[in-house]
file upload38.pdb (PDB, N, CA and C atoms, pLDDT in the B column)
ATOM      1  N   MET A 426     -29.574  15.360  -5.137  1.00 96.00           N
ATOM      2  CA  MET A 426     -30.530  16.370  -4.737  1.00 96.00           C
ATOM      3  C   MET A 426     -31.913  15.717  -4.665  1.00 96.00           C
ATOM      4  N   VAL A 427     -32.680  16.064  -3.653  1.00 98.00           N
ATOM      5  CA  VAL A 427     -34.045  15.560  -3.507  1.00 98.00           C
ATOM      6  C   VAL A 427     -35.022  16.724  -3.609  1.00 98.00           C
ATOM      7  N   LYS A 428     -36.236  16.389  -4.011  1.00 98.00           N
ATOM      8  CA  LYS A 428     -37.298  17.394  -4.120  1.00 98.00           C
ATOM      9  C   LYS A 428     -38.214  17.240  -2.916  1.00 98.00           C
ATOM     10  N   VAL A 429     -38.552  18.355  -2.282  1.00 98.00           N
ATOM     11  CA  VAL A 429     -39.472  18.358  -1.147  1.00 98.00           C
ATOM     12  C   VAL A 429     -40.711  19.131  -1.557  1.00 98.00           C
ATOM     13  N   GLU A 430     -41.895  18.526  -1.354  1.00 97.00           N
ATOM     14  CA  GLU A 430     -43.147  19.217  -1.653  1.00 97.00           C
ATOM     15  C   GLU A 430     -44.011  19.272  -0.408  1.00 97.00           C
ATOM     16  N   PHE A 431     -44.736  20.367  -0.286  1.00 96.00           N
ATOM     17  CA  PHE A 431     -45.602  20.616   0.859  1.00 96.00           C
ATOM     18  C   PHE A 431     -47.042  20.607   0.354  1.00 96.00           C
ATOM     19  N   LEU A 432     -47.824  19.657   0.811  1.00 94.00           N
ATOM     20  CA  LEU A 432     -49.166  19.467   0.275  1.00 94.00           C
ATOM     21  C   LEU A 432     -50.238  20.138   1.126  1.00 94.00           C
ATOM     22  N   GLY A 433     -51.413  20.258   0.531  1.00 89.00           N
ATOM     23  CA  GLY A 433     -52.575  20.772   1.246  1.00 89.00           C
ATOM     24  C   GLY A 433     -52.394  22.188   1.737  1.00 89.00           C
ATOM     25  N   PRO A 434     -52.857  22.451   2.952  1.00 90.00           N
ATOM     26  CA  PRO A 434     -52.883  23.822   3.472  1.00 90.00           C
ATOM     27  C   PRO A 434     -51.538  24.356   3.966  1.00 90.00           C
ATOM     28  N   ILE A 435     -50.472  23.599   3.814  1.00 91.00           N
ATOM     29  CA  ILE A 435     -49.172  24.097   4.283  1.00 91.00           C
ATOM     30  C   ILE A 435     -48.782  25.363   3.533  1.00 91.00           C
ATOM     31  N   ASN A 436     -49.109  25.428   2.249  1.00 86.00           N
ATOM     32  CA  ASN A 436     -48.934  26.651   1.466  1.00 86.00           C
ATOM     33  C   ASN A 436     -47.487  27.145   1.413  1.00 86.00           C
ATOM     34  N   LYS A 437     -46.568  26.236   1.093  1.00 92.00           N
ATOM     35  CA  LYS A 437     -45.157  26.589   0.901  1.00 92.00           C
ATOM     36  C   LYS A 437     -44.722  26.077  -0.458  1.00 92.00           C
ATOM     37  N   ASP A 438     -43.840  26.818  -1.100  1.00 95.00           N
ATOM     38  CA  ASP A 438     -43.276  26.352  -2.364  1.00 95.00           C
ATOM     39  C   ASP A 438     -42.359  25.165  -2.090  1.00 95.00           C
ATOM     40  N   GLY A 439     -42.283  24.270  -3.055  1.00 96.00           N
ATOM     41  CA  GLY A 439     -41.379  23.133  -2.944  1.00 96.00           C
ATOM     42  C   GLY A 439     -39.932  23.589  -2.957  1.00 96.00           C
ATOM     43  N   MET A 440     -39.042  22.665  -2.630  1.00 96.00           N
ATOM     44  CA  MET A 440     -37.631  22.995  -2.600  1.00 96.00           C
ATOM     45  C   MET A 440     -36.808  21.808  -3.072  1.00 96.00           C
ATOM     46  N   ASN A 441     -35.654  22.079  -3.593  1.00 98.00           N
ATOM     47  CA  ASN A 441     -34.683  21.057  -3.963  1.00 98.00           C
ATOM     48  C   ASN A 441     -33.467  21.243  -3.065  1.00 98.00           C
ATOM     49  N   ILE A 442     -33.086  20.174  -2.354  1.00 97.00           N
ATOM     50  CA  ILE A 442     -31.974  20.294  -1.416  1.00 97.00           C
ATOM     51  C   ILE A 442     -31.109  19.038  -1.426  1.00 97.00           C
ATOM     52  N   GLU A 443     -29.885  19.194  -0.960  1.00 97.00           N
ATOM     53  CA  GLU A 443     -28.952  18.085  -0.807  1.00 97.00           C
ATOM     54  C   GLU A 443     -28.995  17.623   0.647  1.00 97.00           C
ATOM     55  N   ILE A 444     -29.590  16.461   0.880  1.00 97.00           N
ATOM     56  CA  ILE A 444     -29.628  15.861   2.217  1.00 97.00           C
ATOM     57  C   ILE A 444     -29.464  14.359   2.074  1.00 97.00           C
ATOM     58  N   LYS A 445     -29.038  13.700   3.188  1.00 97.00           N
ATOM     59  CA  LYS A 445     -28.812  12.259   3.167  1.00 97.00           C
ATOM     60  C   LYS A 445     -29.961  11.464   3.765  1.00 97.00           C
ATOM     61  N   ASN A 446     -30.718  12.103   4.683  1.00 97.00           N
ATOM     62  CA  ASN A 446     -31.805  11.371   5.347  1.00 97.00           C
ATOM     63  C   ASN A 446     -32.868  12.351   5.835  1.00 97.00           C
ATOM     64  N   LEU A 447     -33.954  11.793   6.366  1.00 95.00           N
ATOM     65  CA  LEU A 447     -35.075  12.627   6.801  1.00 95.00           C
ATOM     66  C   LEU A 447     -34.754  13.437   8.056  1.00 95.00           C
ATOM     67  N   LYS A 448     -33.823  12.980   8.867  1.00 95.00           N
ATOM     68  CA  LYS A 448     -33.433  13.765  10.046  1.00 95.00           C
ATOM     69  C   LYS A 448     -32.827  15.097   9.604  1.00 95.00           C
ATOM     70  N   GLU A 449     -32.000  15.074   8.579  1.00 96.00           N
ATOM     71  CA  GLU A 449     -31.424  16.319   8.065  1.00 96.00           C
ATOM     72  C   GLU A 449     -32.520  17.256   7.576  1.00 96.00           C
ATOM     73  N   LEU A 450     -33.528  16.697   6.902  1.00 95.00           N
ATOM     74  CA  LEU A 450     -34.646  17.525   6.445  1.00 95.00           C
ATOM     75  C   LEU A 450     -35.380  18.134   7.630  1.00 95.00           C
ATOM     76  N   SER A 451     -35.649  17.334   8.641  1.00 93.00           N
ATOM     77  CA  SER A 451     -36.338  17.834   9.832  1.00 93.00           C
ATOM     78  C   SER A 451     -35.559  18.979  10.466  1.00 93.00           C
ATOM     79  N   ASP A 452     -34.257  18.826  10.587  1.00 95.00           N
ATOM     80  CA  ASP A 452     -33.423  19.883  11.179  1.00 95.00           C
ATOM     81  C   ASP A 452     -33.517  21.180  10.373  1.00 95.00           C
ATOM     82  N   ILE A 453     -33.565  21.070   9.056  1.00 95.00           N
ATOM     83  CA  ILE A 453     -33.665  22.256   8.199  1.00 95.00           C
ATOM     84  C   ILE A 453     -35.049  22.908   8.349  1.00 95.00           C
ATOM     85  N   LEU A 454     -36.090  22.078   8.306  1.00 95.00           N
ATOM     86  CA  LEU A 454     -37.455  22.631   8.340  1.00 95.00           C
ATOM     87  C   LEU A 454     -37.820  23.222   9.694  1.00 95.00           C
ATOM     88  N   LYS A 455     -37.213  22.739  10.767  1.00 94.00           N
ATOM     89  CA  LYS A 455     -37.492  23.277  12.106  1.00 94.00           C
ATOM     90  C   LYS A 455     -37.052  24.728  12.247  1.00 94.00           C
ATOM     91  N   LYS A 456     -36.204  25.192  11.347  1.00 95.00           N
ATOM     92  CA  LYS A 456     -35.733  26.576  11.389  1.00 95.00           C
ATOM     93  C   LYS A 456     -36.752  27.545  10.788  1.00 95.00           C
ATOM     94  N   ASP A 457     -37.780  27.003  10.136  1.00 92.00           N
ATOM     95  CA  ASP A 457     -38.817  27.818   9.498  1.00 92.00           C
ATOM     96  C   ASP A 457     -40.031  27.894  10.430  1.00 92.00           C
ATOM     97  N   ASP A 458     -40.273  29.064  11.019  1.00 91.00           N
ATOM     98  CA  ASP A 458     -41.363  29.219  11.986  1.00 91.00           C
ATOM     99  C   ASP A 458     -42.726  28.849  11.405  1.00 91.00           C
ATOM    100  N   GLU A 459     -42.933  29.095  10.115  1.00 87.00           N
ATOM    101  CA  GLU A 459     -44.216  28.777   9.486  1.00 87.00           C
ATOM    102  C   GLU A 459     -44.445  27.263   9.404  1.00 87.00           C
ATOM    103  N   LEU A 460     -43.384  26.497   9.315  1.00 90.00           N
ATOM    104  CA  LEU A 460     -43.507  25.040   9.186  1.00 90.00           C
ATOM    105  C   LEU A 460     -43.474  24.313  10.519  1.00 90.00           C
ATOM    106  N   LEU A 461     -42.960  24.951  11.531  1.00 88.00           N
ATOM    107  CA  LEU A 461     -42.742  24.288  12.811  1.00 88.00           C
ATOM    108  C   LEU A 461     -43.994  23.602  13.347  1.00 88.00           C
ATOM    109  N   SER A 462     -45.126  24.258  13.296  1.00 87.00           N
ATOM    110  CA  SER A 462     -46.346  23.653  13.834  1.00 87.00           C
ATOM    111  C   SER A 462     -46.819  22.469  12.981  1.00 87.00           C
ATOM    112  N   TRP A 463     -46.521  22.481  11.684  1.00 90.00           N
ATOM    113  CA  TRP A 463     -46.927  21.381  10.811  1.00 90.00           C
ATOM    114  C   TRP A 463     -46.089  20.127  11.026  1.00 90.00           C
ATOM    115  N   LEU A 464     -44.834  20.294  11.396  1.00 89.00           N
ATOM    116  CA  LEU A 464     -43.919  19.158  11.468  1.00 89.00           C
ATOM    117  C   LEU A 464     -44.370  18.089  12.451  1.00 89.00           C
ATOM    118  N   GLU A 465     -45.047  18.474  13.504  1.00 87.00           N
ATOM    119  CA  GLU A 465     -45.481  17.503  14.508  1.00 87.00           C
ATOM    120  C   GLU A 465     -46.668  16.670  14.050  1.00 87.00           C
ATOM    121  N   THR A 466     -47.435  17.158  13.077  1.00 91.00           N
ATOM    122  CA  THR A 466     -48.655  16.462  12.688  1.00 91.00           C
ATOM    123  C   THR A 466     -48.603  15.860  11.286  1.00 91.00           C
ATOM    124  N   CYS A 467     -47.613  16.205  10.502  1.00 93.00           N
ATOM    125  CA  CYS A 467     -47.551  15.723   9.123  1.00 93.00           C
ATOM    126  C   CYS A 467     -47.026  14.296   9.036  1.00 93.00           C
ATOM    127  N   ALA A 468     -47.584  13.573   8.081  1.00 94.00           N
ATOM    128  CA  ALA A 468     -46.994  12.304   7.668  1.00 94.00           C
ATOM    129  C   ALA A 468     -45.964  12.642   6.586  1.00 94.00           C
ATOM    130  N   VAL A 469     -45.008  11.744   6.395  1.00 95.00           N
ATOM    131  CA  VAL A 469     -43.960  11.963   5.398  1.00 95.00           C
ATOM    132  C   VAL A 469     -43.951  10.790   4.433  1.00 95.00           C
ATOM    133  N   ALA A 470     -43.905  11.106   3.156  1.00 97.00           N
ATOM    134  CA  ALA A 470     -43.808  10.066   2.136  1.00 97.00           C
ATOM    135  C   ALA A 470     -42.548  10.307   1.307  1.00 97.00           C
ATOM    136  N   VAL A 471     -41.871   9.216   0.985  1.00 98.00           N
ATOM    137  CA  VAL A 471     -40.736   9.272   0.068  1.00 98.00           C
ATOM    138  C   VAL A 471     -41.138   8.472  -1.161  1.00 98.00           C
ATOM    139  N   ASN A 472     -41.161   9.142  -2.288  1.00 98.00           N
ATOM    140  CA  ASN A 472     -41.588   8.505  -3.537  1.00 98.00           C
ATOM    141  C   ASN A 472     -42.951   7.837  -3.378  1.00 98.00           C
ATOM    142  N   ASP A 473     -43.857   8.555  -2.728  1.00 96.00           N
ATOM    143  CA  ASP A 473     -45.255   8.145  -2.548  1.00 96.00           C
ATOM    144  C   ASP A 473     -45.449   6.953  -1.602  1.00 96.00           C
ATOM    145  N   THR A 474     -44.455   6.638  -0.781  1.00 97.00           N
ATOM    146  CA  THR A 474     -44.575   5.587   0.231  1.00 97.00           C
ATOM    147  C   THR A 474     -44.354   6.215   1.603  1.00 97.00           C
ATOM    148  N   LEU A 475     -45.316   6.013   2.519  1.00 96.00           N
ATOM    149  CA  LEU A 475     -45.180   6.590   3.860  1.00 96.00           C
ATOM    150  C   LEU A 475     -43.947   6.034   4.568  1.00 96.00           C
ATOM    151  N   VAL A 476     -43.224   6.928   5.233  1.00 96.00           N
ATOM    152  CA  VAL A 476     -41.991   6.572   5.930  1.00 96.00           C
ATOM    153  C   VAL A 476     -42.020   7.210   7.310  1.00 96.00           C
ATOM    154  N   SER A 477     -41.623   6.461   8.341  1.00 91.00           N
ATOM    155  CA  SER A 477     -41.584   7.037   9.688  1.00 91.00           C
ATOM    156  C   SER A 477     -40.172   7.055  10.279  1.00 91.00           C
ATOM    157  N   ASN A 478     -39.229   6.404   9.649  1.00 93.00           N
ATOM    158  CA  ASN A 478     -37.859   6.322  10.151  1.00 93.00           C
ATOM    159  C   ASN A 478     -37.062   7.541   9.690  1.00 93.00           C
ATOM    160  N   ARG A 479     -36.621   8.356  10.642  1.00 91.00           N
ATOM    161  CA  ARG A 479     -35.866   9.567  10.286  1.00 91.00           C
ATOM    162  C   ARG A 479     -34.497   9.259   9.700  1.00 91.00           C
ATOM    163  N   ASP A 480     -34.006   8.047   9.909  1.00 94.00           N
ATOM    164  CA  ASP A 480     -32.714   7.658   9.346  1.00 94.00           C
ATOM    165  C   ASP A 480     -32.854   7.080   7.938  1.00 94.00           C
ATOM    166  N   PHE A 481     -34.063   7.121   7.381  1.00 94.00           N
ATOM    167  CA  PHE A 481     -34.314   6.603   6.039  1.00 94.00           C
ATOM    168  C   PHE A 481     -33.340   7.259   5.066  1.00 94.00           C
ATOM    169  N   GLU A 482     -32.559   6.447   4.364  1.00 94.00           N
ATOM    170  CA  GLU A 482     -31.548   6.965   3.450  1.00 94.00           C
ATOM    171  C   GLU A 482     -32.192   7.453   2.161  1.00 94.00           C
ATOM    172  N   LEU A 483     -31.829   8.652   1.760  1.00 97.00           N
ATOM    173  CA  LEU A 483     -32.368   9.266   0.551  1.00 97.00           C
ATOM    174  C   LEU A 483     -31.363   9.178  -0.585  1.00 97.00           C
ATOM    175  N   LYS A 484     -31.891   9.097  -1.807  1.00 97.00           N
ATOM    176  CA  LYS A 484     -31.058   9.063  -3.004  1.00 97.00           C
ATOM    177  C   LYS A 484     -31.387  10.279  -3.863  1.00 97.00           C
ATOM    178  N   SER A 485     -30.443  10.669  -4.674  1.00 97.00           N
ATOM    179  CA  SER A 485     -30.676  11.775  -5.592  1.00 97.00           C
ATOM    180  C   SER A 485     -31.873  11.454  -6.467  1.00 97.00           C
ATOM    181  N   GLY A 486     -32.776  12.416  -6.600  1.00 98.00           N
ATOM    182  CA  GLY A 486     -33.978  12.233  -7.401  1.00 98.00           C
ATOM    183  C   GLY A 486     -35.201  11.825  -6.593  1.00 98.00           C
ATOM    184  N   ASP A 487     -35.025  11.492  -5.305  1.00 98.00           N
ATOM    185  CA  ASP A 487     -36.173  11.135  -4.464  1.00 98.00           C
ATOM    186  C   ASP A 487     -37.102  12.330  -4.304  1.00 98.00           C
ATOM    187  N   LYS A 488     -38.397  12.029  -4.136  1.00 98.00           N
ATOM    188  CA  LYS A 488     -39.399  13.074  -3.880  1.00 98.00           C
ATOM    189  C   LYS A 488     -39.962  12.854  -2.481  1.00 98.00           C
ATOM    190  N   ILE A 489     -39.856  13.872  -1.649  1.00 98.00           N
ATOM    191  CA  ILE A 489     -40.371  13.818  -0.285  1.00 98.00           C
ATOM    192  C   ILE A 489     -41.610  14.686  -0.221  1.00 98.00           C
ATOM    193  N   SER A 490     -42.696  14.137   0.317  1.00 97.00           N
ATOM    194  CA  SER A 490     -43.948  14.876   0.444  1.00 97.00           C
ATOM    195  C   SER A 490     -44.319  14.994   1.908  1.00 97.00           C
ATOM    196  N   LEU A 491     -44.623  16.209   2.352  1.00 96.00           N
ATOM    197  CA  LEU A 491     -45.163  16.420   3.688  1.00 96.00           C
ATOM    198  C   LEU A 491     -46.672  16.479   3.571  1.00 96.00           C
ATOM    199  N   LEU A 492     -47.338  15.544   4.262  1.00 94.00           N
ATOM    200  CA  LEU A 492     -48.779  15.364   4.142  1.00 94.00           C
ATOM    201  C   LEU A 492     -49.460  15.779   5.428  1.00 94.00           C
ATOM    202  N   PRO A 493     -50.117  16.936   5.449  1.00 92.00           N
ATOM    203  CA  PRO A 493     -50.806  17.372   6.661  1.00 92.00           C
ATOM    204  C   PRO A 493     -52.065  16.526   6.886  1.00 92.00           C
ATOM    205  N   PRO A 494     -52.510  16.438   8.132  1.00 89.00           N
ATOM    206  CA  PRO A 494     -53.744  15.712   8.388  1.00 89.00           C
ATOM    207  C   PRO A 494     -54.927  16.436   7.732  1.00 89.00           C
ATOM    208  N   VAL A 495     -55.887  15.672   7.279  1.00 78.00           N
ATOM    209  CA  VAL A 495     -57.071  16.255   6.653  1.00 78.00           C
ATOM    210  C   VAL A 495     -58.305  15.610   7.239  1.00 78.00           C
ATOM    211  N   CYS A 496     -59.409  16.293   7.105  1.00 55.00           N
ATOM    212  CA  CYS A 496     -60.672  15.698   7.517  1.00 55.00           C
ATOM    213  C   CYS A 496     -61.661  15.932   6.393  1.00 55.00           C
ATOM    214  N   GLY A 497     -62.578  15.073   6.291  1.00 53.00           N
ATOM    215  CA  GLY A 497     -63.555  15.203   5.211  1.00 53.00           C
ATOM    216  C   GLY A 497     -64.741  14.305   5.484  1.00 53.00           C
ATOM    217  N   GLY A 498     -65.639  14.313   4.583  1.00 50.00           N
ATOM    218  CA  GLY A 498     -66.812  13.506   4.804  1.00 50.00           C
ATOM    219  C   GLY A 498     -67.304  12.862   3.555  1.00 50.00           C
TER     220      GLY A 498
END
call {"tool": "encode", "arguments": {"input": "upload38.pdb", "output": "structure tokens"}}
result
Amino acid sequence: MVKVEFLGPINKDGMNIEIKNLKELSDILKKDDELLSWLETCAVAVNDTLVSNRDFELKSGDKISLLPPVCGG
């Protein structure tokens, strides 16, 4: 089981799910209308390391973070 957290203004509770890779996560999250617009702009980190490969293999206990773009000064 992996933990998924949504950071910043996404405003969603985290979830624990059984998935093998980030493509499976993307397929699940695309079904949520509130998250759909965020998915195109978010960076993804696995265990605090940015990952761009959707085939990235996940292990039980991994933490996935969806990081929305931010601006600041």
call {"tool": "resolve_selection", "arguments": {"input": "upload38.pdb", "expression": "the PyMOL selection byres (((chain A and resi 445-449 and name CA) around 12) and name CA)", "output": "PyMOL selection string"}}
result
chain A and resi 426-427+429+442-444+450-456+464+468-471+476-491
call {"tool": "write_last_selection", "arguments": {"input": "upload38.pdb", "atoms": "N, CA and C atoms", "output": "compact mmCIF listing (two decimals), in the coordinates of the input"}}
result
# COMPACT_ATOMS: atom_id res chain seq x y z
N MET A 426 -29.57 15.36 -5.14
CA MET A 426 -30.53 16.37 -4.74
C MET A 426 -31.91 15.72 -4.66
N VAL A 427 -32.68 16.06 -3.65
CA VAL A 427 -34.04 15.56 -3.51
C VAL A 427 -35.02 16.72 -3.61
N VAL A 429 -38.55 18.36 -2.28
CA VAL A 429 -39.47 18.36 -1.15
C VAL A 429 -40.71 19.13 -1.56
N ILE A 442 -33.09 20.17 -2.35
CA ILE A 442 -31.97 20.29 -1.42
C ILE A 442 -31.11 19.04 -1.43
N GLU A 443 -29.88 19.19 -0.96
CA GLU A 443 -28.95 18.08 -0.81
C GLU A 443 -29.00 17.62 0.65
N ILE A 444 -29.59 16.46 0.88
CA ILE A 444 -29.63 15.86 2.22
C ILE A 444 -29.46 14.36 2.07
N LEU A 450 -33.53 16.70 6.90
CA LEU A 450 -34.65 17.52 6.44
C LEU A 450 -35.38 18.13 7.63
N SER A 451 -35.65 17.33 8.64
CA SER A 451 -36.34 17.83 9.83
C SER A 451 -35.56 18.98 10.47
N ASP A 452 -34.26 18.83 10.59
CA ASP A 452 -33.42 19.88 11.18
C ASP A 452 -33.52 21.18 10.37
N ILE A 453 -33.56 21.07 9.06
CA ILE A 453 -33.66 22.26 8.20
C ILE A 453 -35.05 22.91 8.35
N LEU A 454 -36.09 22.08 8.31
CA LEU A 454 -37.46 22.63 8.34
C LEU A 454 -37.82 23.22 9.69
N LYS A 455 -37.21 22.74 10.77
CA LYS A 455 -37.49 23.28 12.11
C LYS A 455 -37.05 24.73 12.25
N LYS A 456 -36.20 25.19 11.35
CA LYS A 456 -35.73 26.58 11.39
C LYS A 456 -36.75 27.54 10.79
N LEU A 464 -44.83 20.29 11.40
CA LEU A 464 -43.92 19.16 11.47
C LEU A 464 -44.37 18.09 12.45
N ALA A 468 -47.58 13.57 8.08
CA ALA A 468 -46.99 12.30 7.67
C ALA A 468 -45.96 12.64 6.59
N VAL A 469 -45.01 11.74 6.40
CA VAL A 469 -43.96 11.96 5.40
C VAL A 469 -43.95 10.79 4.43
N ALA A 470 -43.90 11.11 3.16
CA ALA A 470 -43.81 10.07 2.14
C ALA A 470 -42.55 10.31 1.31
N VAL A 471 -41.87 9.22 0.98
CA VAL A 471 -40.74 9.27 0.07
C VAL A 471 -41.14 8.47 -1.16
N VAL A 476 -43.22 6.93 5.23
CA VAL A 476 -41.99 6.57 5.93
C VAL A 476 -42.02 7.21 7.31
N SER A 477 -41.62 6.46 8.34
CA SER A 477 -41.58 7.04 9.69
C SER A 477 -40.17 7.06 10.28
N ASN A 478 -39.23 6.40 9.65
CA ASN A 478 -37.86 6.32 10.15
C ASN A 478 -37.06 7.54 9.69
N ARG A 479 -36.62 8.36 10.64
CA ARG A 479 -35.87 9.57 10.29
C ARG A 479 -34.50 9.26 9.70
N ASP A 480 -34.01 8.05 9.91
CA ASP A 480 -32.71 7.66 9.35
C ASP A 480 -32.85 7.08 7.94
N PHE A 481 -34.06 7.12 7.38
CA PHE A 481 -34.31 6.60 6.04
C PHE A 481 -33.34 7.26 5.07
N GLU A 482 -32.56 6.45 4.36
CA GLU A 482 -31.55 6.96 3.45
C GLU A 482 -32.19 7.45 2.16
N LEU A 483 -31.83 8.65 1.76
CA LEU A 483 -32.37 9.27 0.55
C LEU A 483 -31.36 9.18 -0.58
N LYS A 484 -31.89 9.10 -1.81
CA LYS A 484 -31.06 9.06 -3.00
C LYS A 484 -31.39 10.28 -3.86
N SER A 485 -30.44 10.67 -4.67
CA SER A 485 -30.68 11.78 -5.59
C SER A 485 -31.87 11.45 -6.47
N GLY A 486 -32.78 12.42 -6.60
CA GLY A 486 -33.98 12.23 -7.40
C GLY A 486 -35.20 11.82 -6.59
N ASP A 487 -35.02 11.49 -5.30
CA ASP A 487 -36.17 11.14 -4.46
C ASP A 487 -37.10 12.33 -4.30
N LYS A 488 -38.40 12.03 -4.14
CA LYS A 488 -39.40 13.07 -3.88
C LYS A 488 -39.96 12.85 -2.48
N ILE A 489 -39.86 13.87 -1.65
CA ILE A 489 -40.37 13.82 -0.28
C ILE A 489 -41.61 14.69 -0.22
N SER A 490 -42.70 14.14 0.32
CA SER A 490 -43.95 14.88 0.44
C SER A 490 -44.32 14.99 1.91
N LEU A 491 -44.62 16.21 2.35
CA LEU A 491 -45.16 16.42 3.69
C LEU A 491 -46.67 16.48 3.57
call {"tool": "resolve_selection", "arguments": {"input": "upload38.pdb", "expression": "the PyMOL selection byres ((chain A and resi 466) around 6)", "output": "JSON list (two decimals) with N, CA and C atoms, keeping the file's coordinate frame"}}
result
[["chain", "number", "residue", "atom", "x", "y", "z"],
["A", 462, "SER", "N", -45.13, 24.26, 13.30],
["A", 462, "SER", "CA", -46.35, 23.65, 13.83],
["A", 462, "SER", "C", -46.82, 22.47, 12.98],
["A", 463, "TRP", "N", -46.52, 22.48, 11.68],
["A", 463, "TRP", "CA", -46.93, 21.38, 10.81],
["A", 463, "TRP", "C", -46.09, 20.13, 11.03],
["A", 464, "LEU", "N", -44.83, 20.29, 11.40],
["A", 464, "LEU", "CA", -43.92, 19.16, 11.47],
["A", 464, "LEU", "C", -44.37, 18.09, 12.45],
["A", 465, "GLU", "N", -45.05, 18.47, 13.50],
["A", 465, "GLU", "CA", -45.48, 17.50, 14.51],
["A", 465, "GLU", "C", -46.67, 16.67, 14.05],
["A", 467, "CYS", "N", -47.61, 16.20, 10.50],
["A", 467, "CYS", "CA", -47.55, 15.72, 9.12],
["A", 467, "CYS", "C", -47.03, 14.30, 9.04],
["A", 468, "ALA", "N", -47.58, 13.57, 8.08],
["A", 468, "ALA", "CA", -46.99, 12.30, 7.67],
["A", 468, "ALA", "C", -45.96, 12.64, 6.59],
["A", 492, "LEU", "N", -47.34, 15.54, 4.26],
["A", 492, "LEU", "CA", -48.78, 15.36, 4.14],
["A", 492, "LEU", "C", -49.46, 15.78, 5.43],
["A", 493, "PRO", "N", -50.12, 16.94, 5.45],
["A", 493, "PRO", "CA", -50.81, 17.37, 6.66],
["A", 493, "PRO", "C", -52.06, 16.53, 6.89],
["A", 494, "PRO", "N", -52.51, 16.44, 8.13],
["A", 494, "PRO", "CA", -53.74, 15.71, 8.39],
["A", 494, "PRO", "C", -54.93, 16.44, 7.73]]
call {"tool": "select_by_dssp", "arguments": {"input": "upload38.pdb", "residues": "chain A", "states": "strand (DSSP E or B)", "output": "list in words"}}
result
Val427, Lys428, Val429, Glu430, Phe431, Met440, Asn441, Ile442, Asn446, Ala468, Val469, Ala470, Val471, Thr474, Leu475, Val476, Glu482, Lys488, Ile489, Ser490, Leu491 and Leu492 of chain A
call {"tool": "select_by_dssp", "arguments": {"input": "upload38.pdb", "residues": "chain A", "states": "helix (DSSP H, G or I)", "output": "list of chain:residue names"}}
result
A:Gly433, A:Pro434, A:Ile435, A:Leu447, A:Lys448, A:Glu449, A:Leu450, A:Ser451, A:Asp452, A:Ile453, A:Leu454, A:Asp458, A:Glu459, A:Leu460, A:Leu461, A:Ser462, A:Trp463, A:Leu464
call {"tool": "axis_aligned_box", "arguments": {"input": "upload38.pdb", "around": "range 474-493 of chain A", "padding_each_side": "8 Å", "output": "JSON"}}
result
{"center_x": -41.3, "center_y": 11.5, "center_z": 1.6, "size_x": 37.6, "size_y": 27.8, "size_z": 34.0}
call {"tool": "atom_distance", "arguments": {"input": "upload38.pdb", "atom1": "CA of Asp438 in chain A", "atom2": "CA of Leu475 in chain A"}}
result
20.8 Å
call {"tool": "atom_distance", "arguments": {"input": "upload38.pdb", "atom1": "CA of Glu459 in chain A", "atom2": "CA of Ile435 in chain A"}}
result
8.6 Å
call {"tool": "atom_distance", "arguments": {"input": "upload38.pdb", "atom1": "atom C of Val495 in chain A", "atom2": "CA of Asn441 in chain A"}}
result
26.7 Å
call {"tool": "build_atoms", "arguments": {"input": "upload38.pdb", "residues": "range 485-493 of chain A", "atoms": "N, CA, C and O atoms", "output": "short mmCIF file (atom, residue, chain, number, x, y, z; two decimals), keeping the file's coordinate frame"}}
result
data_model
loop_
_atom_site.label_atom_id
_atom_site.label_comp_id
_atom_site.auth_asym_id
_atom_site.auth_seq_id
_atom_site.Cartn_x
_atom_site.Cartn_y
_atom_site.Cartn_z
N SER A 485 -30.44 10.67 -4.67
CA SER A 485 -30.68 11.78 -5.59
C SER A 485 -31.87 11.45 -6.47
O SER A 485 -32.01 10.34 -6.98
N GLY A 486 -32.78 12.42 -6.60
CA GLY A 486 -33.98 12.23 -7.40
C GLY A 486 -35.20 11.82 -6.59
O GLY A 486 -36.31 11.81 -7.12
N ASP A 487 -35.02 11.49 -5.30
CA ASP A 487 -36.17 11.14 -4.46
C ASP A 487 -37.10 12.33 -4.30
O ASP A 487 -36.67 13.49 -4.33
N LYS A 488 -38.40 12.03 -4.14
CA LYS A 488 -39.40 13.07 -3.88
C LYS A 488 -39.96 12.85 -2.48
O LYS A 488 -40.46 11.78 -2.17
N ILE A 489 -39.86 13.87 -1.65
CA ILE A 489 -40.37 13.82 -0.28
C ILE A 489 -41.61 14.69 -0.22
O ILE A 489 -41.59 15.85 -0.65
N SER A 490 -42.70 14.14 0.32
CA SER A 490 -43.95 14.88 0.44
C SER A 490 -44.32 14.99 1.91
O SER A 490 -44.31 14.00 2.63
N LEU A 491 -44.62 16.21 2.35
CA LEU A 491 -45.16 16.42 3.69
C LEU A 491 -46.67 16.48 3.57
O LEU A 491 -47.22 17.33 2.87
N LEU A 492 -47.34 15.54 4.26
CA LEU A 492 -48.78 15.36 4.14
C LEU A 492 -49.46 15.78 5.43
O LEU A 492 -49.41 15.05 6.43
N PRO A 493 -50.12 16.94 5.45
CA PRO A 493 -50.81 17.37 6.66
C PRO A 493 -52.06 16.53 6.89
O PRO A 493 -52.61 15.96 5.94
#
